[in-house]
Amino acid sequence: MFGFHYRLERKAIGLVVGIILVASIGGIVEIAPLFTIHQTVEDAPDMRVYTPLEIAGRNIYMREGCYACHSQMIRTLRDEVERYGPYSLAVESKYDHPMLWGSKRTGPDLARVGGKYSDEWQVAHLVDPRSVVPESIMPAYDWLSRNRLKTDNLGEDLKALRTVGVPYSEDMIANASSDAHGQAAPDSKEAESVVTRYGKETSVRPFDGKPEELTEMDALVAYLQILGRLTDAAKKPVATAER
Amino acid sequence: MIGQLTKFERQTAMLILLALSGVGLAMAIAGRDDPFGVHGVLVLLYALAGIIFVISGFFDPEPGDDRFDRYNDDPTKAGIVLAMIWAAFALFVGDWVAWLLVNPNLTFDAAWSSFGRIRPVHTTGIIFGFGGNALIATSFYVMQRTSRARLPDQLSPLFVIFGYNLFCLLAVTGYFMGVTQSREYAEPEWYADIWLVVVWVVYFLVYLRTLARRKEPHIYVANWYFLAFILVVAMLHIVNNLAVPTSLARVKSYSLFSGVQDAMTEWWYGHNAVAFFLTAGFLGMMYYFLPKRAGRPIYSYRMSIISFWGITFFYMWAGSHHLHYTALPQWVQTLGMTFSLMLLIPSWVSAGNALMTLNGAWDKVRDDATLRFMMVAAVFYGLSTFEGSFMAIRPVNALSHYTDWTVGHVHAGALGWVAMITFGSFYALVPWIWKRDGMYSWKLVEVHFWLALAGTVIYVFAMWNSGIVQGLMWRTYNDSGTLAYSFVDSLVAMRPYYIARAVGGLSFLIGALVGCYNIWMTIRTSSHAAGEFMGDLPDPVLARTPALQAGE
């Protein structure tokens, strides 16, 4: 064995090939099947896609590095299920490019935060976290209410997402910008078509309380309020366990 | 530096820099409504600075053939200086981030300085800025010495070191603007990733071409590790960063993978970045500088082989232990746990090999802070790999995951192993390549050592405490069978540990600043008269007698 190595270490290309071969096996065995076998991700017929406004909010969530302190993955442990809600299923992040499961909880898990608090609470919490949770060590994100949301490129985002496998239609891509505006302004004429395109479960309301202006706060709150609510699959584990 | 380039190489450098400035200009114009345009300007300025630098030496006399009588240490020198600058910067940001967790108002009330944006500045600055420059610098040095051959040409190593730093700059400035893929430890966006691939291919070719010119029949063990580092990091980087940009004029891209597959890919990358960036490369450093400084050959050649192939094979399976109890299929979690446990064997074989090498040289460890840095690094390597395998066990992970224990574990590795072996190697290397009798002040090396050790110990103990307290509070039930603590209760309990952590980080930062000063003063003092060391010359200047090396 060591005699073989004595010869191998005289050959640079031999070492190169050896390293590539030895290092490839683990990834091939563990990762490749995840893409091919059906059991990796459960079926959830009621699964819906993010609206353009929610995608914009998700991008802000990533931009501000929220994933560094908040996980979005409830593990199958008793205390986590009791604290946060039903444990997370793979299907729930099926349209998450990339996933935001996170690795650290400096703050609580957010996988099921959607609908847990009112929009007003979320806005107050983002503007000044310590006004609602005095012990919080979260930074303030008050500028989000002042920043106008850029929507003109949202069509490109939806298109790129379709390329990687999210089922956005031509119609959704073409109207991405107006849908983003409509979702946060219930009285506008764009509001109705958001519901037509994304389903009646879609929340259409002024997320930051000001329907006249579309801000980054609208987008982030819209995203936070949809977390854990793209599908109900996790609430009926029996239906998804056997497949 | 430019004086060492031939006319042709200077012209090639100009062409490359002009092409780069063209790219920067195009990016600046196309992306004017987006951070993409800002990065275009940055690329343009970086290329222009390079052009000015090349022009400043463009008409210098060409180097004679005697440049081939010496090793090419210019890229190593540049790499060491850059690594120390990155260390000072990123450790400062790291300590700032630590204080932000004590008091969230220690900020400028601006978007760029909030925790979520500067935390990746710290991680990337340390891993890629400090660690990467240190690895490139030492690998160039080590591969020339152990091959007894000069780098193949003058220009491509410089391209590697300066091209790589452009990547680091794009990454770090991007986070301040909110440009991130949010893939942990792979946050830079698609254009920076593509640029890194270009740089990395050149790096790999420089390495292979040097090996091809070697005058030693065998490839020394340090080079196996450097080779594995370069190859596997390339594999990881490319697969993990597969993404579709929204437009060629915007920074934003979307990962090719989603959900559970994306999580597995990310942690396959994330854990193996630990394996091949933060371990293999630095083991290469250790396998050269520790025996050299101790004046003893590596204890066991066979242990080197077992450890090398064990690490290369086992590590690649271990990433899934980051996803215990998640929606990842359980068979993958179990494989990850199993291989993480087996990984302890090759890791401890390496740590043991290093410590056994010191047998008979313990008096030097006592007297020489430089060697002591390396010894402590080997000890922390052994400790943190043990801890890592332990934390990969499912029930342990149930407690430790998502808590500060993970942060403590990472820093035991980053501060205790990666930074210590680097500082030790630098303190050995700086006098050698700048041809000085020794460091400017050995007392300051001693000061740096104790500050670094104290900082690491305080940091790690604080995080062990906070992590375990946090994990236990989350799962504690009261008598009536309901959760005893709210999340906020656990947050409040963290405060004293967060203060201790920030103090430990500060101690480590001050130590590194002392190191920067010491290295800078060493470089500035005038060269001693002895000139070249005998034996530090590439073939064919020395007589051709293939000598056995340490480890054979």
# chains A, B, ... in the order shown; residues from 1 in each chain; ligands from 1
>>> interface_residues(of="chain A", to="chain B", cutoff="7 Å", atoms="only C-alpha atoms", output="PyMOL selection string")
chain A and resi 9-10+12+19+22-23+26-27+30-31+34-35+40+62-66+68+73+75-76+79+88-90+93-99+103-105+108+135+137-139+156-157+160-161+164
>>> select_by_dssp(residues="region 312-458 of chain B", states="helix (DSSP H, G or I)", output="PDB file with C-alpha atoms, in the first residue's frame")
ATOM      1  CA  THR B 312      -9.919  13.880   1.269  1.00  0.00           C
ATOM      2  CA  PHE B 313     -12.423  11.016   1.322  1.00  0.00           C
ATOM      3  CA  PHE B 314     -14.352  11.319   4.593  1.00  0.00           C
ATOM      4  CA  TYR B 315     -14.891  15.065   4.673  1.00  0.00           C
ATOM      5  CA  MET B 316     -16.954  15.097   1.500  1.00  0.00           C
ATOM      6  CA  TRP B 317     -19.667  13.057   3.207  1.00  0.00           C
ATOM      7  CA  ALA B 318     -19.885  15.078   6.384  1.00  0.00           C
ATOM      8  CA  GLY B 319     -21.767  18.198   5.197  1.00  0.00           C
ATOM      9  CA  SER B 320     -25.211  16.765   5.903  1.00  0.00           C
ATOM     10  CA  HIS B 321     -24.571  16.798   9.666  1.00  0.00           C
ATOM     11  CA  HIS B 322     -25.492  20.483   9.445  1.00  0.00           C
ATOM     12  CA  LEU B 323     -29.030  19.381   8.623  1.00  0.00           C
ATOM     13  CA  GLN B 330     -32.850  10.875   7.185  1.00  0.00           C
ATOM     14  CA  TRP B 331     -30.582   8.446   5.333  1.00  0.00           C
ATOM     15  CA  VAL B 332     -28.429  11.395   4.239  1.00  0.00           C
ATOM     16  CA  GLN B 333     -28.308  12.749   7.784  1.00  0.00           C
ATOM     17  CA  THR B 334     -27.186   9.352   9.057  1.00  0.00           C
ATOM     18  CA  LEU B 335     -24.453   9.079   6.440  1.00  0.00           C
ATOM     19  CA  GLY B 336     -23.265  12.549   7.390  1.00  0.00           C
ATOM     20  CA  MET B 337     -23.112  11.656  11.056  1.00  0.00           C
ATOM     21  CA  THR B 338     -21.310   8.364  10.441  1.00  0.00           C
ATOM     22  CA  PHE B 339     -18.630   9.851   8.262  1.00  0.00           C
ATOM     23  CA  SER B 340     -18.191  12.806  10.606  1.00  0.00           C
ATOM     24  CA  LEU B 341     -17.337  10.355  13.365  1.00  0.00           C
ATOM     25  CA  MET B 342     -14.898   8.440  11.168  1.00  0.00           C
ATOM     26  CA  LEU B 344     -11.867  11.970  13.670  1.00  0.00           C
ATOM     27  CA  ILE B 345      -9.296   9.317  12.762  1.00  0.00           C
ATOM     28  CA  PRO B 346      -7.494  11.092   9.900  1.00  0.00           C
ATOM     29  CA  SER B 347      -7.811  14.428  11.713  1.00  0.00           C
ATOM     30  CA  TRP B 348      -6.196  13.156  14.875  1.00  0.00           C
ATOM     31  CA  VAL B 349      -3.554  11.306  12.876  1.00  0.00           C
ATOM     32  CA  SER B 350      -2.516  14.663  11.419  1.00  0.00           C
ATOM     33  CA  ALA B 351      -2.637  16.469  14.751  1.00  0.00           C
ATOM     34  CA  GLY B 352      -0.720  13.607  16.368  1.00  0.00           C
ATOM     35  CA  ASN B 353       1.839  13.554  13.602  1.00  0.00           C
ATOM     36  CA  ALA B 354       2.464  17.256  14.158  1.00  0.00           C
ATOM     37  CA  LEU B 355       2.808  16.951  17.924  1.00  0.00           C
ATOM     38  CA  MET B 356       5.032  13.847  17.698  1.00  0.00           C
ATOM     39  CA  THR B 357       7.280  15.793  15.347  1.00  0.00           C
ATOM     40  CA  TRP B 362      10.036  20.709  23.333  1.00  0.00           C
ATOM     41  CA  ASP B 363      12.776  22.982  24.632  1.00  0.00           C
ATOM     42  CA  LYS B 364      12.365  24.996  21.437  1.00  0.00           C
ATOM     43  CA  VAL B 365       8.611  25.185  21.996  1.00  0.00           C
ATOM     44  CA  ARG B 366       9.321  26.677  25.401  1.00  0.00           C
ATOM     45  CA  ASP B 367      11.781  29.266  24.102  1.00  0.00           C
ATOM     46  CA  ALA B 369       7.001  31.759  20.475  1.00  0.00           C
ATOM     47  CA  THR B 370       6.936  31.174  16.723  1.00  0.00           C
ATOM     48  CA  LEU B 371       7.090  27.422  17.165  1.00  0.00           C
ATOM     49  CA  ARG B 372       4.683  27.706  20.065  1.00  0.00           C
ATOM     50  CA  PHE B 373       2.120  29.296  17.744  1.00  0.00           C
ATOM     51  CA  MET B 374       2.371  26.207  15.547  1.00  0.00           C
ATOM     52  CA  MET B 375       2.223  23.801  18.471  1.00  0.00           C
ATOM     53  CA  VAL B 376      -0.884  25.463  19.910  1.00  0.00           C
ATOM     54  CA  ALA B 377      -2.398  25.427  16.426  1.00  0.00           C
ATOM     55  CA  ALA B 378      -1.911  21.660  16.225  1.00  0.00           C
ATOM     56  CA  VAL B 379      -3.502  21.254  19.660  1.00  0.00           C
ATOM     57  CA  PHE B 380      -6.508  23.376  18.694  1.00  0.00           C
ATOM     58  CA  TYR B 381      -6.760  21.462  15.443  1.00  0.00           C
ATOM     59  CA  GLY B 382      -7.052  18.259  17.424  1.00  0.00           C
ATOM     60  CA  LEU B 383      -9.515  19.784  19.892  1.00  0.00           C
ATOM     61  CA  SER B 384     -11.823  21.341  17.349  1.00  0.00           C
ATOM     62  CA  THR B 385     -11.913  18.271  15.103  1.00  0.00           C
ATOM     63  CA  PHE B 386     -12.859  16.224  18.151  1.00  0.00           C
ATOM     64  CA  GLU B 387     -15.543  18.751  18.996  1.00  0.00           C
ATOM     65  CA  GLY B 388     -16.753  18.733  15.396  1.00  0.00           C
ATOM     66  CA  SER B 389     -17.193  14.969  15.317  1.00  0.00           C
ATOM     67  CA  PHE B 390     -18.910  15.119  18.694  1.00  0.00           C
ATOM     68  CA  MET B 391     -21.331  17.824  17.559  1.00  0.00           C
ATOM     69  CA  ARG B 394     -27.564  13.589  16.256  1.00  0.00           C
ATOM     70  CA  PRO B 395     -28.639  13.996  19.915  1.00  0.00           C
ATOM     71  CA  VAL B 396     -25.716  16.339  20.625  1.00  0.00           C
ATOM     72  CA  ASN B 397     -26.562  18.294  17.517  1.00  0.00           C
ATOM     73  CA  ALA B 398     -30.163  18.631  18.691  1.00  0.00           C
ATOM     74  CA  LEU B 399     -28.810  20.685  21.569  1.00  0.00           C
ATOM     75  CA  SER B 400     -25.942  22.499  19.872  1.00  0.00           C
ATOM     76  CA  ASP B 404     -23.609  29.843  20.001  1.00  0.00           C
ATOM     77  CA  TRP B 405     -21.903  26.518  20.584  1.00  0.00           C
ATOM     78  CA  THR B 406     -21.510  26.293  16.804  1.00  0.00           C
ATOM     79  CA  VAL B 407     -20.019  29.777  16.766  1.00  0.00           C
ATOM     80  CA  GLY B 408     -17.595  28.787  19.512  1.00  0.00           C
ATOM     81  CA  HIS B 409     -16.610  25.623  17.650  1.00  0.00           C
ATOM     82  CA  VAL B 410     -15.974  27.559  14.461  1.00  0.00           C
ATOM     83  CA  HIS B 411     -13.804  30.063  16.299  1.00  0.00           C
ATOM     84  CA  ALA B 412     -11.821  27.371  18.104  1.00  0.00           C
ATOM     85  CA  GLY B 413     -10.895  26.308  14.587  1.00  0.00           C
ATOM     86  CA  ALA B 414     -10.547  29.750  13.058  1.00  0.00           C
ATOM     87  CA  LEU B 415      -8.667  31.476  15.871  1.00  0.00           C
ATOM     88  CA  GLY B 416      -6.925  28.519  17.475  1.00  0.00           C
ATOM     89  CA  TRP B 417      -5.991  26.575  14.379  1.00  0.00           C
ATOM     90  CA  VAL B 418      -6.132  28.648  11.191  1.00  0.00           C
ATOM     91  CA  ALA B 419      -4.909  31.976  12.538  1.00  0.00           C
ATOM     92  CA  MET B 420      -2.299  30.483  14.907  1.00  0.00           C
ATOM     93  CA  ILE B 421      -0.674  28.291  12.260  1.00  0.00           C
ATOM     94  CA  THR B 422      -0.668  31.268   9.904  1.00  0.00           C
ATOM     95  CA  PHE B 423       0.944  33.627  12.404  1.00  0.00           C
ATOM     96  CA  GLY B 424       3.503  30.973  13.303  1.00  0.00           C
ATOM     97  CA  SER B 425       4.322  30.371   9.663  1.00  0.00           C
ATOM     98  CA  PHE B 426       4.528  34.095   8.933  1.00  0.00           C
ATOM     99  CA  TYR B 427       6.898  34.729  11.834  1.00  0.00           C
ATOM    100  CA  ALA B 428       9.125  31.981  10.464  1.00  0.00           C
ATOM    101  CA  LEU B 429       8.754  33.055   6.862  1.00  0.00           C
ATOM    102  CA  VAL B 430       9.081  36.840   7.011  1.00  0.00           C
ATOM    103  CA  PRO B 431      12.763  36.895   8.058  1.00  0.00           C
ATOM    104  CA  TRP B 432      13.552  34.190   5.517  1.00  0.00           C
ATOM    105  CA  ILE B 433      12.146  35.894   2.452  1.00  0.00           C
ATOM    106  CA  TRP B 442      10.882  38.561  19.463  1.00  0.00           C
ATOM    107  CA  LYS B 443       9.272  40.044  22.553  1.00  0.00           C
ATOM    108  CA  LEU B 444       6.387  41.320  20.452  1.00  0.00           C
ATOM    109  CA  VAL B 445       5.970  37.831  18.990  1.00  0.00           C
ATOM    110  CA  GLU B 446       5.690  36.644  22.569  1.00  0.00           C
ATOM    111  CA  VAL B 447       3.133  39.380  23.357  1.00  0.00           C
ATOM    112  CA  HIS B 448       1.133  38.477  20.269  1.00  0.00           C
ATOM    113  CA  PHE B 449       1.166  34.808  21.240  1.00  0.00           C
ATOM    114  CA  TRP B 450      -0.258  35.371  24.702  1.00  0.00           C
ATOM    115  CA  LEU B 451      -2.866  37.895  23.529  1.00  0.00           C
ATOM    116  CA  ALA B 452      -3.987  35.482  20.806  1.00  0.00           C
ATOM    117  CA  LEU B 453      -4.122  32.505  23.146  1.00  0.00           C
ATOM    118  CA  ALA B 454      -5.974  34.417  25.861  1.00  0.00           C
ATOM    119  CA  GLY B 455      -8.406  35.832  23.322  1.00  0.00           C
ATOM    120  CA  THR B 456      -9.137  32.412  21.862  1.00  0.00           C
ATOM    121  CA  VAL B 457      -9.661  30.767  25.235  1.00  0.00           C
ATOM    122  CA  ILE B 458     -11.979  33.526  26.491  1.00  0.00           C
TER     123      ILE B 458
END
>>> atom_distance(atom1="CA of Thr173 (chain B)", atom2="CA of Ile55 (chain B)")
27.1 Å
>>> closest_residue(among="A:Val166, A:Ala56, A:Pro134, A:Leu224", to="His70 (chain A)", atoms="only C-alpha atoms")
A:Leu224
>>> atom_distance(atom1="CA of Ile2 (chain B)", atom2="CA of Gly79 (chain B)")
15.8 Å
>>> closest_residue(among="B:Val43, B:Gln11, B:Phe89, B:Asp60", to="Ala512 (chain B)", atoms="only C-alpha atoms")
B:Phe89
>>> closest_residue(among="B:Tyr497, B:Trp200, B:Phe159, B:Phe461", to="Gly50 (chain B)", atoms="only C-alpha atoms")
B:Phe159
>>> select_by_dssp(residues="region 209-403 of chain B", states="strand (DSSP E)", output="VMD selection string")
chain B and resid 243 to 245 253 to 255
>>> decode(residues="region 507-521 of chain B", atoms="all heavy atoms", output="compact mmCIF listing (two decimals), in the first residue's frame")
# COMPACT_ATOMS: atom_id res chain seq x y z
N SER B 507 -8.98 41.09 22.44
CA SER B 507 -7.63 40.65 22.76
C SER B 507 -6.96 40.04 21.52
O SER B 507 -5.80 40.33 21.21
CB SER B 507 -7.70 39.63 23.90
OG SER B 507 -6.49 38.95 24.02
N PHE B 508 -7.72 39.25 20.80
CA PHE B 508 -7.15 38.63 19.59
C PHE B 508 -6.81 39.69 18.55
O PHE B 508 -5.76 39.63 17.90
CB PHE B 508 -8.15 37.62 19.01
CG PHE B 508 -7.48 36.60 18.14
CD1 PHE B 508 -6.99 35.42 18.68
CD2 PHE B 508 -7.32 36.82 16.79
CE1 PHE B 508 -6.35 34.48 17.88
CE2 PHE B 508 -6.68 35.88 15.98
CZ PHE B 508 -6.20 34.71 16.54
N LEU B 509 -7.69 40.68 18.43
CA LEU B 509 -7.47 41.77 17.47
C LEU B 509 -6.20 42.54 17.82
O LEU B 509 -5.35 42.82 16.95
CB LEU B 509 -8.68 42.70 17.45
CG LEU B 509 -8.51 44.05 16.75
CD1 LEU B 509 -8.29 43.86 15.25
CD2 LEU B 509 -9.71 44.95 16.98
N ILE B 510 -6.03 42.89 19.11
CA ILE B 510 -4.84 43.65 19.52
C ILE B 510 -3.58 42.84 19.21
O ILE B 510 -2.60 43.36 18.69
CB ILE B 510 -4.93 44.03 21.01
CG1 ILE B 510 -6.11 44.99 21.23
CG2 ILE B 510 -3.63 44.68 21.48
CD1 ILE B 510 -6.42 45.24 22.69
N GLY B 511 -3.65 41.54 19.50
CA GLY B 511 -2.51 40.68 19.18
C GLY B 511 -2.16 40.75 17.70
O GLY B 511 -0.99 40.89 17.32
N ALA B 512 -3.17 40.69 16.85
CA ALA B 512 -2.91 40.72 15.41
C ALA B 512 -2.32 42.06 14.99
O ALA B 512 -1.45 42.12 14.12
CB ALA B 512 -4.20 40.45 14.64
N LEU B 513 -2.78 43.15 15.63
CA LEU B 513 -2.22 44.46 15.30
C LEU B 513 -0.75 44.54 15.70
O LEU B 513 0.08 45.09 14.97
CB LEU B 513 -3.03 45.58 15.99
CG LEU B 513 -4.47 45.73 15.49
CD1 LEU B 513 -5.20 46.81 16.29
CD2 LEU B 513 -4.51 46.07 14.01
N VAL B 514 -0.44 43.95 16.85
CA VAL B 514 0.96 43.86 17.26
C VAL B 514 1.76 43.10 16.21
O VAL B 514 2.86 43.50 15.81
CB VAL B 514 1.08 43.16 18.64
CG1 VAL B 514 2.53 42.84 18.96
CG2 VAL B 514 0.47 44.04 19.73
N GLY B 515 1.16 42.02 15.71
CA GLY B 515 1.82 41.23 14.66
C GLY B 515 2.05 42.04 13.40
O GLY B 515 3.12 42.00 12.79
N CYS B 516 1.03 42.83 13.01
CA CYS B 516 1.17 43.68 11.81
C CYS B 516 2.35 44.63 11.98
O CYS B 516 3.19 44.79 11.09
CB CYS B 516 -0.09 44.51 11.58
SG CYS B 516 -1.48 43.57 11.00
N TYR B 517 2.41 45.27 13.17
CA TYR B 517 3.48 46.22 13.44
C TYR B 517 4.84 45.52 13.37
O TYR B 517 5.78 46.01 12.73
CB TYR B 517 3.25 46.84 14.83
CG TYR B 517 4.38 47.73 15.30
CD1 TYR B 517 4.56 49.00 14.76
CD2 TYR B 517 5.29 47.27 16.27
CE1 TYR B 517 5.60 49.81 15.18
CE2 TYR B 517 6.33 48.08 16.69
CZ TYR B 517 6.48 49.35 16.15
OH TYR B 517 7.52 50.14 16.56
N ASN B 518 4.92 44.36 13.99
CA ASN B 518 6.19 43.64 14.05
C ASN B 518 6.65 43.23 12.65
O ASN B 518 7.82 43.39 12.29
CB ASN B 518 6.00 42.40 14.94
CG ASN B 518 7.30 41.90 15.52
OD1 ASN B 518 8.37 42.48 15.27
ND2 ASN B 518 7.23 40.82 16.28
N ILE B 519 5.73 42.74 11.86
CA ILE B 519 6.08 42.32 10.50
C ILE B 519 6.50 43.54 9.67
O ILE B 519 7.49 43.52 8.95
CB ILE B 519 4.90 41.56 9.84
CG1 ILE B 519 4.76 40.19 10.50
CG2 ILE B 519 5.11 41.42 8.34
CD1 ILE B 519 3.58 39.38 10.02
N TRP B 520 5.75 44.62 9.83
CA TRP B 520 6.08 45.84 9.08
C TRP B 520 7.47 46.35 9.45
O TRP B 520 8.27 46.69 8.58
CB TRP B 520 5.01 46.90 9.36
CG TRP B 520 5.25 48.20 8.65
CD1 TRP B 520 5.47 49.41 9.22
CD2 TRP B 520 5.31 48.39 7.24
NE1 TRP B 520 5.67 50.35 8.25
CE2 TRP B 520 5.59 49.76 7.02
CE3 TRP B 520 5.19 47.55 6.14
CZ2 TRP B 520 5.74 50.30 5.75
CZ3 TRP B 520 5.32 48.09 4.86
CH2 TRP B 520 5.59 49.45 4.68
N MET B 521 7.78 46.36 10.75
CA MET B 521 9.10 46.84 11.17
C MET B 521 10.21 45.91 10.70
O MET B 521 11.31 46.36 10.38
CB MET B 521 9.15 46.98 12.70
CG MET B 521 8.27 48.09 13.26
SD MET B 521 8.55 49.70 12.50
CE MET B 521 10.09 50.18 13.28
